[in-house]
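Chemist: So I've got this file, data-v4.cif, and it contains mmCIF, N, CA and C atoms:
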data_my_file
loop_
_atom_site.label_atom_id
_atom_site.label_comp_id
_atom_site.auth_asym_id
_atom_site.auth_seq_id
_atom_site.Cartn_x
_atom_site.Cartn_y
_atom_site.Cartn_z
N MET A 1 67.70 -306.81 -79.87
CA MET A 1 66.83 -306.82 -81.02
C MET A 1 65.96 -305.56 -80.98
N THR A 2 65.95 -304.81 -82.06
CA THR A 2 65.13 -303.61 -82.17
C THR A 2 63.94 -303.91 -83.06
N VAL A 3 62.76 -303.60 -82.54
CA VAL A 3 61.54 -303.83 -83.30
C VAL A 3 61.01 -302.47 -83.75
N GLN A 4 60.82 -302.31 -85.03
CA GLN A 4 60.30 -301.07 -85.58
C GLN A 4 58.77 -301.11 -85.59
N PRO A 5 58.13 -299.99 -85.37
CA PRO A 5 56.67 -299.97 -85.45
C PRO A 5 56.23 -300.36 -86.86
N GLN A 6 55.10 -301.00 -86.91
CA GLN A 6 54.52 -301.38 -88.20
C GLN A 6 53.24 -300.58 -88.38
N SER A 7 52.97 -300.19 -89.59
CA SER A 7 51.75 -299.44 -89.85
C SER A 7 50.97 -300.08 -90.98
N PHE A 8 49.69 -299.88 -90.93
CA PHE A 8 48.82 -300.38 -91.99
C PHE A 8 47.55 -299.55 -92.02
N THR A 9 46.82 -299.66 -93.09
CA THR A 9 45.57 -298.93 -93.25
C THR A 9 44.43 -299.94 -93.30
N THR A 10 43.41 -299.67 -92.50
CA THR A 10 42.25 -300.57 -92.46
C THR A 10 41.39 -300.33 -93.70
N PRO A 11 40.48 -301.23 -93.99
CA PRO A 11 39.61 -301.05 -95.16
C PRO A 11 38.82 -299.73 -95.14
N ASP A 12 38.51 -299.18 -93.94
CA ASP A 12 37.78 -297.91 -93.91
C ASP A 12 38.70 -296.69 -93.98
N GLY A 13 40.01 -296.91 -94.16
CA GLY A 13 40.96 -295.81 -94.33
C GLY A 13 41.67 -295.36 -93.07
N THR A 14 41.37 -295.98 -91.92
CA THR A 14 42.01 -295.61 -90.67
C THR A 14 43.45 -296.11 -90.66
N GLU A 15 44.39 -295.21 -90.35
CA GLU A 15 45.78 -295.62 -90.27
C GLU A 15 46.05 -296.17 -88.87
N MET A 16 46.66 -297.33 -88.79
CA MET A 16 46.95 -297.99 -87.53
C MET A 16 48.46 -298.19 -87.41
N VAL A 17 48.95 -298.19 -86.17
CA VAL A 17 50.37 -298.44 -85.91
C VAL A 17 50.45 -299.51 -84.84
N VAL A 18 51.32 -300.48 -85.06
CA VAL A 18 51.54 -301.55 -84.10
C VAL A 18 52.92 -301.32 -83.49
N ILE A 19 52.93 -301.27 -82.15
CA ILE A 19 54.20 -301.10 -81.42
C ILE A 19 54.29 -302.19 -80.37
N THR A 20 55.47 -302.33 -79.81
CA THR A 20 55.64 -303.34 -78.77
C THR A 20 54.93 -302.90 -77.49
N ARG A 21 54.62 -303.85 -76.64
CA ARG A 21 53.99 -303.56 -75.35
C ARG A 21 54.88 -302.65 -74.52
N ALA A 22 56.19 -302.88 -74.56
CA ALA A 22 57.12 -302.05 -73.79
C ALA A 22 57.06 -300.60 -74.25
N ASP A 23 57.02 -300.37 -75.56
CA ASP A 23 56.91 -299.01 -76.08
C ASP A 23 55.57 -298.39 -75.69
N TYR A 24 54.50 -299.16 -75.79
CA TYR A 24 53.17 -298.68 -75.42
C TYR A 24 53.15 -298.28 -73.94
N ASP A 25 53.68 -299.14 -73.08
CA ASP A 25 53.70 -298.85 -71.65
C ASP A 25 54.51 -297.60 -71.34
N ARG A 26 55.64 -297.44 -72.02
CA ARG A 26 56.47 -296.27 -71.81
C ARG A 26 55.75 -295.00 -72.26
N ILE A 27 55.10 -295.03 -73.40
CA ILE A 27 54.39 -293.86 -73.92
C ILE A 27 53.23 -293.48 -73.01
N THR A 28 52.42 -294.46 -72.59
CA THR A 28 51.29 -294.15 -71.72
C THR A 28 51.75 -293.66 -70.35
N SER A 29 52.85 -294.21 -69.86
CA SER A 29 53.38 -293.76 -68.59
C SER A 29 53.78 -292.29 -68.67
N LEU A 30 54.45 -291.92 -69.74
CA LEU A 30 54.86 -290.52 -69.93
C LEU A 30 53.64 -289.61 -70.07
N ALA A 31 52.66 -290.04 -70.83
CA ALA A 31 51.46 -289.22 -71.05
C ALA A 31 50.72 -289.01 -69.74
N PHE A 32 50.52 -290.07 -68.98
CA PHE A 32 49.77 -289.95 -67.74
C PHE A 32 50.53 -289.14 -66.70
N SER A 33 51.83 -289.31 -66.64
CA SER A 33 52.58 -288.54 -65.65
C SER A 33 52.56 -287.06 -66.02
N GLU A 34 52.63 -286.75 -67.30
CA GLU A 34 52.57 -285.35 -67.74
C GLU A 34 51.19 -284.78 -67.46
N ASP A 35 50.14 -285.56 -67.76
CA ASP A 35 48.78 -285.10 -67.48
C ASP A 35 48.58 -284.87 -66.00
N SER A 36 49.08 -285.77 -65.18
CA SER A 36 48.95 -285.61 -63.73
C SER A 36 49.67 -284.36 -63.26
N HIS A 37 50.85 -284.13 -63.82
CA HIS A 37 51.62 -282.93 -63.46
C HIS A 37 50.87 -281.67 -63.87
N ASP A 38 50.34 -281.67 -65.11
CA ASP A 38 49.59 -280.52 -65.60
C ASP A 38 48.34 -280.28 -64.75
N LEU A 39 47.65 -281.35 -64.41
CA LEU A 39 46.44 -281.22 -63.61
C LEU A 39 46.77 -280.68 -62.21
N ALA A 40 47.83 -281.18 -61.63
CA ALA A 40 48.25 -280.69 -60.31
C ALA A 40 48.62 -279.21 -60.38
N ALA A 41 49.30 -278.81 -61.44
CA ALA A 41 49.68 -277.40 -61.61
C ALA A 41 48.44 -276.52 -61.78
N ALA A 42 47.45 -277.01 -62.53
CA ALA A 42 46.21 -276.25 -62.73
C ALA A 42 45.46 -276.09 -61.41
N HIS A 43 45.38 -277.16 -60.63
CA HIS A 43 44.72 -277.09 -59.33
C HIS A 43 45.44 -276.11 -58.40
N ALA A 44 46.76 -276.14 -58.42
CA ALA A 44 47.53 -275.23 -57.57
C ALA A 44 47.32 -273.79 -57.99
N ALA A 45 47.28 -273.53 -59.30
CA ALA A 45 47.05 -272.17 -59.79
C ALA A 45 45.66 -271.67 -59.39
N LEU A 46 44.67 -272.53 -59.51
CA LEU A 46 43.32 -272.14 -59.11
C LEU A 46 43.24 -271.86 -57.61
N ALA A 47 43.90 -272.69 -56.82
CA ALA A 47 43.87 -272.51 -55.38
C ALA A 47 44.55 -271.21 -54.97
N ALA A 48 45.59 -270.81 -55.71
CA ALA A 48 46.33 -269.60 -55.38
C ALA A 48 45.67 -268.34 -55.91
N SER A 49 44.73 -268.49 -56.82
CA SER A 49 44.10 -267.35 -57.46
C SER A 49 42.83 -266.94 -56.73
N ASP A 50 42.59 -265.63 -56.69
CA ASP A 50 41.34 -265.16 -56.12
C ASP A 50 40.31 -264.86 -57.19
N ALA A 51 40.66 -265.08 -58.43
CA ALA A 51 39.74 -264.79 -59.54
C ALA A 51 39.08 -266.08 -60.03
N ARG A 52 37.77 -266.08 -60.00
CA ARG A 52 37.00 -267.18 -60.53
C ARG A 52 35.98 -266.61 -61.50
N TYR A 53 35.80 -267.24 -62.62
CA TYR A 53 34.86 -266.77 -63.62
C TYR A 53 33.79 -267.81 -63.84
N PRO A 54 32.61 -267.60 -63.30
CA PRO A 54 31.51 -268.53 -63.57
C PRO A 54 31.19 -268.53 -65.07
N ALA A 55 30.64 -269.63 -65.54
CA ALA A 55 30.34 -269.77 -66.97
C ALA A 55 29.43 -268.65 -67.45
N ALA A 56 28.47 -268.24 -66.65
CA ALA A 56 27.55 -267.17 -67.06
C ALA A 56 28.29 -265.85 -67.30
N VAL A 57 29.30 -265.59 -66.49
CA VAL A 57 30.09 -264.36 -66.66
C VAL A 57 30.92 -264.46 -67.94
N VAL A 58 31.55 -265.58 -68.15
CA VAL A 58 32.37 -265.77 -69.36
C VAL A 58 31.48 -265.66 -70.60
N ASP A 59 30.33 -266.32 -70.58
CA ASP A 59 29.42 -266.27 -71.74
C ASP A 59 28.98 -264.84 -72.02
N ALA A 60 28.65 -264.08 -70.99
CA ALA A 60 28.21 -262.69 -71.18
C ALA A 60 29.33 -261.84 -71.77
N ILE A 61 30.55 -262.01 -71.28
CA ILE A 61 31.68 -261.25 -71.82
C ILE A 61 31.93 -261.62 -73.27
N LEU A 62 31.89 -262.91 -73.57
CA LEU A 62 32.10 -263.35 -74.95
C LEU A 62 30.99 -262.85 -75.88
N ALA A 63 29.81 -262.62 -75.32
CA ALA A 63 28.69 -262.11 -76.11
C ALA A 63 28.76 -260.59 -76.29
N GLY A 64 29.75 -259.94 -75.65
CA GLY A 64 29.96 -258.51 -75.85
C GLY A 64 29.69 -257.64 -74.65
N ALA A 65 29.26 -258.21 -73.54
CA ALA A 65 29.02 -257.40 -72.34
C ALA A 65 30.34 -256.98 -71.72
N SER A 66 30.31 -255.87 -71.02
CA SER A 66 31.51 -255.47 -70.28
C SER A 66 31.68 -256.43 -69.11
N PRO A 67 32.91 -256.62 -68.64
CA PRO A 67 33.11 -257.46 -67.46
C PRO A 67 32.27 -256.97 -66.27
N LEU A 68 32.15 -255.65 -66.13
CA LEU A 68 31.35 -255.09 -65.05
C LEU A 68 29.89 -255.51 -65.17
N ALA A 69 29.31 -255.36 -66.36
CA ALA A 69 27.91 -255.75 -66.58
C ALA A 69 27.72 -257.25 -66.36
N ALA A 70 28.68 -258.03 -66.84
CA ALA A 70 28.57 -259.49 -66.69
C ALA A 70 28.54 -259.89 -65.22
N TRP A 71 29.42 -259.31 -64.42
CA TRP A 71 29.44 -259.62 -62.99
C TRP A 71 28.21 -259.07 -62.27
N ARG A 72 27.77 -257.88 -62.65
CA ARG A 72 26.58 -257.30 -62.02
C ARG A 72 25.37 -258.20 -62.26
N GLN A 73 25.20 -258.61 -63.52
CA GLN A 73 24.07 -259.47 -63.85
C GLN A 73 24.19 -260.83 -63.16
N HIS A 74 25.41 -261.34 -63.08
CA HIS A 74 25.62 -262.62 -62.39
C HIS A 74 25.21 -262.52 -60.92
N ARG A 75 25.45 -261.38 -60.32
CA ARG A 75 25.08 -261.18 -58.91
C ARG A 75 23.59 -260.85 -58.74
N GLY A 76 22.89 -260.69 -59.89
CA GLY A 76 21.45 -260.43 -59.83
C GLY A 76 21.09 -259.02 -59.42
N LEU A 77 21.98 -258.08 -59.72
CA LEU A 77 21.76 -256.69 -59.33
C LEU A 77 21.38 -255.83 -60.52
N SER A 78 20.52 -254.87 -60.29
CA SER A 78 20.24 -253.85 -61.30
C SER A 78 21.36 -252.82 -61.23
N GLN A 79 21.41 -251.96 -62.23
CA GLN A 79 22.41 -250.89 -62.17
C GLN A 79 22.17 -250.00 -60.95
N GLN A 80 20.91 -249.74 -60.64
CA GLN A 80 20.58 -248.90 -59.49
C GLN A 80 21.02 -249.54 -58.18
N GLU A 81 20.77 -250.84 -58.06
CA GLU A 81 21.16 -251.55 -56.82
C GLU A 81 22.67 -251.55 -56.64
N LEU A 82 23.40 -251.79 -57.74
CA LEU A 82 24.86 -251.76 -57.65
C LEU A 82 25.34 -250.36 -57.31
N ALA A 83 24.75 -249.36 -57.94
CA ALA A 83 25.15 -247.98 -57.67
C ALA A 83 24.97 -247.64 -56.19
N GLN A 84 23.84 -248.02 -55.64
CA GLN A 84 23.60 -247.75 -54.22
C GLN A 84 24.62 -248.47 -53.34
N ALA A 85 24.89 -249.72 -53.65
CA ALA A 85 25.84 -250.49 -52.84
C ALA A 85 27.26 -249.93 -52.94
N ALA A 86 27.60 -249.35 -54.10
CA ALA A 86 28.94 -248.82 -54.31
C ALA A 86 29.05 -247.34 -53.95
N GLY A 87 27.92 -246.70 -53.66
CA GLY A 87 27.96 -245.28 -53.31
C GLY A 87 28.19 -244.38 -54.50
N ILE A 88 27.71 -244.78 -55.66
CA ILE A 88 27.85 -243.97 -56.88
C ILE A 88 26.47 -243.84 -57.52
N THR A 89 26.40 -243.17 -58.65
CA THR A 89 25.11 -243.01 -59.32
C THR A 89 24.87 -244.14 -60.32
N GLN A 90 23.60 -244.35 -60.62
CA GLN A 90 23.24 -245.34 -61.64
C GLN A 90 23.81 -244.94 -62.99
N THR A 91 23.87 -243.64 -63.24
CA THR A 91 24.43 -243.13 -64.49
C THR A 91 25.90 -243.52 -64.63
N ALA A 92 26.62 -243.47 -63.53
CA ALA A 92 28.04 -243.85 -63.55
C ALA A 92 28.19 -245.33 -63.91
N VAL A 93 27.35 -246.17 -63.33
CA VAL A 93 27.39 -247.61 -63.67
C VAL A 93 27.09 -247.80 -65.15
N SER A 94 26.06 -247.13 -65.62
CA SER A 94 25.67 -247.24 -67.03
C SER A 94 26.80 -246.83 -67.96
N ARG A 95 27.47 -245.73 -67.64
CA ARG A 95 28.59 -245.25 -68.47
C ARG A 95 29.73 -246.26 -68.51
N LEU A 96 30.01 -246.88 -67.37
CA LEU A 96 31.11 -247.86 -67.33
C LEU A 96 30.78 -249.14 -68.07
N GLU A 97 29.50 -249.44 -68.21
CA GLU A 97 29.09 -250.66 -68.90
C GLU A 97 28.92 -250.48 -70.41
N ARG A 98 28.94 -249.25 -70.89
CA ARG A 98 28.66 -248.96 -72.29
C ARG A 98 29.94 -248.65 -73.05
N LYS A 99 30.07 -249.24 -74.24
CA LYS A 99 31.25 -248.98 -75.07
C LYS A 99 31.19 -247.57 -75.65
N ARG A 100 32.36 -246.95 -75.70
CA ARG A 100 32.53 -245.68 -76.39
C ARG A 100 33.72 -245.83 -77.31
N ASN A 101 33.50 -245.49 -78.55
CA ASN A 101 34.57 -245.63 -79.56
C ASN A 101 35.14 -247.03 -79.57
N GLY A 102 34.26 -248.03 -79.41
CA GLY A 102 34.68 -249.42 -79.48
C GLY A 102 35.35 -249.96 -78.23
N ARG A 103 35.37 -249.19 -77.15
CA ARG A 103 36.03 -249.63 -75.92
C ARG A 103 35.15 -249.32 -74.72
N PHE A 104 35.29 -250.14 -73.68
CA PHE A 104 34.62 -249.85 -72.43
C PHE A 104 35.49 -248.87 -71.65
N PRO A 105 34.89 -247.81 -71.07
CA PRO A 105 35.70 -246.86 -70.29
C PRO A 105 36.19 -247.49 -68.99
N GLU A 106 37.33 -247.01 -68.53
CA GLU A 106 37.89 -247.52 -67.28
C GLU A 106 37.29 -246.87 -66.06
N GLY A 107 37.01 -245.59 -66.12
CA GLY A 107 36.53 -244.88 -64.94
C GLY A 107 37.66 -244.66 -63.95
N ARG A 108 37.33 -244.05 -62.84
CA ARG A 108 38.34 -243.80 -61.81
C ARG A 108 38.63 -245.06 -61.01
N ARG A 109 39.85 -245.16 -60.57
CA ARG A 109 40.26 -246.32 -59.77
C ARG A 109 39.39 -246.46 -58.51
N THR A 110 39.12 -245.36 -57.85
CA THR A 110 38.31 -245.42 -56.62
C THR A 110 36.89 -245.90 -56.91
N THR A 111 36.37 -245.53 -58.06
CA THR A 111 35.03 -246.00 -58.46
C THR A 111 35.06 -247.50 -58.71
N ARG A 112 36.08 -247.96 -59.44
CA ARG A 112 36.20 -249.40 -59.71
C ARG A 112 36.37 -250.19 -58.41
N GLU A 113 37.13 -249.64 -57.48
CA GLU A 113 37.33 -250.32 -56.20
C GLU A 113 36.01 -250.43 -55.42
N ALA A 114 35.22 -249.36 -55.42
CA ALA A 114 33.94 -249.38 -54.72
C ALA A 114 32.98 -250.39 -55.36
N ILE A 115 33.00 -250.45 -56.67
CA ILE A 115 32.14 -251.41 -57.38
C ILE A 115 32.60 -252.83 -57.08
N ALA A 116 33.89 -253.05 -57.09
CA ALA A 116 34.43 -254.39 -56.81
C ALA A 116 34.03 -254.85 -55.42
N VAL A 117 34.09 -253.96 -54.45
CA VAL A 117 33.68 -254.30 -53.09
C VAL A 117 32.19 -254.67 -53.08
N ALA A 118 31.38 -253.88 -53.76
CA ALA A 118 29.93 -254.14 -53.79
C ALA A 118 29.62 -255.48 -54.47
N LEU A 119 30.41 -255.83 -55.49
CA LEU A 119 30.19 -257.09 -56.20
C LEU A 119 30.91 -258.27 -55.53
N GLN A 120 31.76 -257.97 -54.55
CA GLN A 120 32.56 -258.98 -53.86
C GLN A 120 33.48 -259.74 -54.82
N VAL A 121 34.20 -258.96 -55.63
CA VAL A 121 35.17 -259.52 -56.58
C VAL A 121 36.43 -258.67 -56.55
N PRO A 122 37.57 -259.22 -56.99
CA PRO A 122 38.77 -258.39 -57.12
C PRO A 122 38.56 -257.33 -58.21
N VAL A 123 39.18 -256.19 -58.06
CA VAL A 123 39.06 -255.11 -59.05
C VAL A 123 39.45 -255.61 -60.44
N SER A 124 40.45 -256.46 -60.50
CA SER A 124 40.96 -256.91 -61.81
C SER A 124 39.91 -257.60 -62.67
N VAL A 125 38.90 -258.23 -62.06
CA VAL A 125 37.93 -258.96 -62.88
C VAL A 125 36.88 -258.07 -63.51
N ILE A 126 36.78 -256.83 -63.06
CA ILE A 126 35.79 -255.93 -63.68
C ILE A 126 36.42 -254.87 -64.56
N GLU A 127 37.74 -254.92 -64.70
CA GLU A 127 38.41 -253.96 -65.56
C GLU A 127 38.13 -254.29 -67.02
N PRO A 128 38.03 -253.27 -67.87
CA PRO A 128 37.74 -253.51 -69.28
C PRO A 128 38.79 -254.39 -69.94
N ILE A 129 38.32 -255.22 -70.85
CA ILE A 129 39.21 -256.09 -71.62
C ILE A 129 39.37 -255.49 -73.00
N ASP A 130 40.60 -255.30 -73.43
CA ASP A 130 40.83 -254.77 -74.79
C ASP A 130 40.89 -255.88 -75.80
#
Please go through the file and, once you have read it, give me the structure as structure tokens.
Modeler:
Amino acid sequence: MTVQPQSFTTPDGTEMVVITRADYDRITSLAFSEDSHDLAAAHAALAASDARYPAAVVDAILAGASPLAAWRQHRGLSQQELAQAAGITQTAVSRLERKRNGRFPEGRRTTREAIAVALQVPVSVIEPID
């Protein structure tokens, strides 16, 4: 015997569907197993990744800050303090944090590496986002 789902609309306009318990159990089982699989995959990806973005960094980037400025501010450093820790000038930090022609400059790889070490982050997280 095959039972077809039944549908109806409540007085407030909500559409409802009635299905058998067996169909409901099968659907929820599939949903939960997929969610569990997705959650496990997300946890594994996070564990394997060295990049973490605190909410304050994400918010600053979304507000228009360069990734470098967002991480520097998150670490509580002034441009001068970061420059000293990275062995560069404050002017160099300022230039890397400021947009030119609608883009953040990349700077030299060695400069980005020194800054990343000073901020204790992978170089990839401070590279400009296009």
Chemist: Identify, on the basis of only C-alpha atoms, every residue whose closest approach to Thr91 (chain A) does not exceed 10 Å; exclude the query and any residue fewer than 4 positions from it along the same chain; express the result as a ChimeraX atom specification.
Modeler: /A:79-80,83,95-97
Chemist: Might you pull out every residue within 7 Å of region 98-106 of chain A, with all atoms listed in the file counted and same-chain residues fewer than 6 positions away left off, and present them as an mmCIF file with N, CA and C atoms, keeping the file's coordinate frame?
Modeler:
data_model
loop_
_atom_site.group_PDB
_atom_site.id
_atom_site.type_symbol
_atom_site.label_atom_id
_atom_site.label_comp_id
_atom_site.auth_asym_id
_atom_site.auth_seq_id
_atom_site.Cartn_x
_atom_site.Cartn_y
_atom_site.Cartn_z
ATOM 1 N N SER A 66 30.310 -255.870 -71.020
ATOM 2 C CA SER A 66 31.510 -255.470 -70.280
ATOM 3 C C SER A 66 31.680 -256.430 -69.110
ATOM 4 N N ARG A 112 36.080 -247.960 -59.440
ATOM 5 C CA ARG A 112 36.200 -249.400 -59.710
ATOM 6 C C ARG A 112 36.370 -250.190 -58.410
ATOM 7 N N GLU A 127 37.740 -254.920 -64.700
ATOM 8 C CA GLU A 127 38.410 -253.960 -65.560
ATOM 9 C C GLU A 127 38.130 -254.290 -67.020
ATOM 10 N N PRO A 128 38.030 -253.270 -67.870
ATOM 11 C CA PRO A 128 37.740 -253.510 -69.280
ATOM 12 C C PRO A 128 38.790 -254.390 -69.940
ATOM 13 N N ILE A 129 38.320 -255.220 -70.850
ATOM 14 C CA ILE A 129 39.210 -256.090 -71.620
ATOM 15 C C ILE A 129 39.370 -255.490 -73.000
#
Chemist: For this structure, which residues satisfy the selection - the PyMOL selection byres (((chain A and resi 3-5 and name CA) around 12) and name CA) - when it is evaluated on the file as given? I want them as a PyMOL selection string.
Modeler: chain A and resi 1-2+6-8+16-24
Chemist: Measure the distance from atom C of Arg108 (chain A) to atom N of Ile126 (chain A) in Å and round it to one decimal.
Modeler: 12.1 Å
Chemist: Could you list, as a list of chain:residue names, every residue within 9 Å of Ile88 (chain A), counting only C-alpha atoms and ignoring same-chain residues fewer than 6 positions away?
Modeler: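 Answer for this query is A:Leu82, A:Thr111, A:Ala114, A:Ile115.
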Chemist: Just the residues within 10 Å of Ala60 (chain A), please, counting only C-alpha atoms, with nothing from its chain fewer than 4 positions along; format it as JSON, numbers by chain.
Modeler: {"A": [55, 56, 64, 65, 66, 67, 69, 70, 71, 73, 74]}
Chemist: What does the distance between atom N of Arg109 (chain A) and atom N of Gly76 (chain A) come to in Å, to one decimal place?
Modeler: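 For atom N of Arg109 (chain A) relative to atom N of Gly76 (chain A), the distance reads 23.0 Å.
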Chemist: Taking only chain A into account, list the residues labelled helix (DSSP H, G or I) by DSSP (computed from the backbone), as a PyMOL selection string.
Modeler: chain A and resi 21-48+55-62+67-74+79-86+90-97+109-119+123-126
Chemist: Hey, can you check how far CA of Arg75 (chain A) sits from atom N of Leu119 (chain A)?
Modeler: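 Calculated distance between CA of Arg75 (chain A) and atom N of Leu119 (chain A) is 8.3 Å.
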Chemist: I need the residue nearest Val57 (chain A) from this list: A:Gln84, A:Arg72, A:Ala44, A:Val123. Use all atoms listed in the file for the distance.
Modeler: A:Arg72
Chemist: Among chain A, which residues carry a DSSP assignment of strand (DSSP E), reported as a ChimeraX atom specification?
Modeler: /A:6-9,15-18
Chemist: Keeping just N, CA and C atoms, export region 53-73 of chain A of this structure as a compact mmCIF listing (two decimals), in the first residue's frame.
Modeler:
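In the end it all went to result_23.txt:
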# COMPACT_ATOMS: atom_id res chain seq x y z
N TYR A 53 40.21 33.43 11.56
CA TYR A 53 39.82 34.82 11.45
C TYR A 53 38.89 35.18 12.60
N PRO A 54 39.39 35.88 13.60
CA PRO A 54 38.51 36.34 14.66
C PRO A 54 37.45 37.28 14.10
N ALA A 55 36.31 37.35 14.77
CA ALA A 55 35.21 38.18 14.30
C ALA A 55 35.64 39.63 14.12
N ALA A 56 36.47 40.15 15.00
CA ALA A 56 36.91 41.55 14.90
C ALA A 56 37.70 41.78 13.61
N VAL A 57 38.49 40.80 13.20
CA VAL A 57 39.26 40.92 11.96
C VAL A 57 38.31 40.89 10.76
N VAL A 58 37.39 39.97 10.77
CA VAL A 58 36.42 39.86 9.66
C VAL A 58 35.61 41.15 9.56
N ASP A 59 35.12 41.64 10.70
CA ASP A 59 34.31 42.87 10.69
C ASP A 59 35.11 44.05 10.14
N ALA A 60 36.38 44.17 10.53
CA ALA A 60 37.21 45.27 10.05
C ALA A 60 37.44 45.18 8.55
N ILE A 61 37.69 43.98 8.05
CA ILE A 61 37.89 43.79 6.60
C ILE A 61 36.61 44.12 5.85
N LEU A 62 35.48 43.65 6.36
CA LEU A 62 34.20 43.94 5.71
C LEU A 62 33.88 45.43 5.73
N ALA A 63 34.39 46.13 6.73
CA ALA A 63 34.17 47.58 6.83
C ALA A 63 35.13 48.37 5.94
N GLY A 64 36.06 47.67 5.27
CA GLY A 64 36.95 48.34 4.32
C GLY A 64 38.41 48.39 4.70
N ALA A 65 38.77 47.89 5.87
CA ALA A 65 40.18 47.89 6.27
C ALA A 65 40.95 46.85 5.47
N SER A 66 42.23 47.09 5.31
CA SER A 66 43.07 46.08 4.68
C SER A 66 43.21 44.91 5.64
N PRO A 67 43.44 43.70 5.13
CA PRO A 67 43.68 42.58 6.04
C PRO A 67 44.84 42.86 7.00
N LEU A 68 45.88 43.54 6.50
CA LEU A 68 47.02 43.89 7.35
C LEU A 68 46.59 44.79 8.51
N ALA A 69 45.84 45.84 8.20
CA ALA A 69 45.37 46.77 9.25
C ALA A 69 44.46 46.05 10.23
N ALA A 70 43.59 45.20 9.71
CA ALA A 70 42.65 44.47 10.59
C ALA A 70 43.41 43.60 11.58
N TRP A 71 44.41 42.86 11.10
CA TRP A 71 45.19 42.01 12.00
C TRP A 71 46.05 42.83 12.95
N ARG A 72 46.62 43.93 12.47
CA ARG A 72 47.44 44.77 13.34
C ARG A 72 46.60 45.32 14.49
N GLN A 73 45.42 45.83 14.15
CA GLN A 73 44.54 46.37 15.18
C GLN A 73 44.07 45.28 16.14
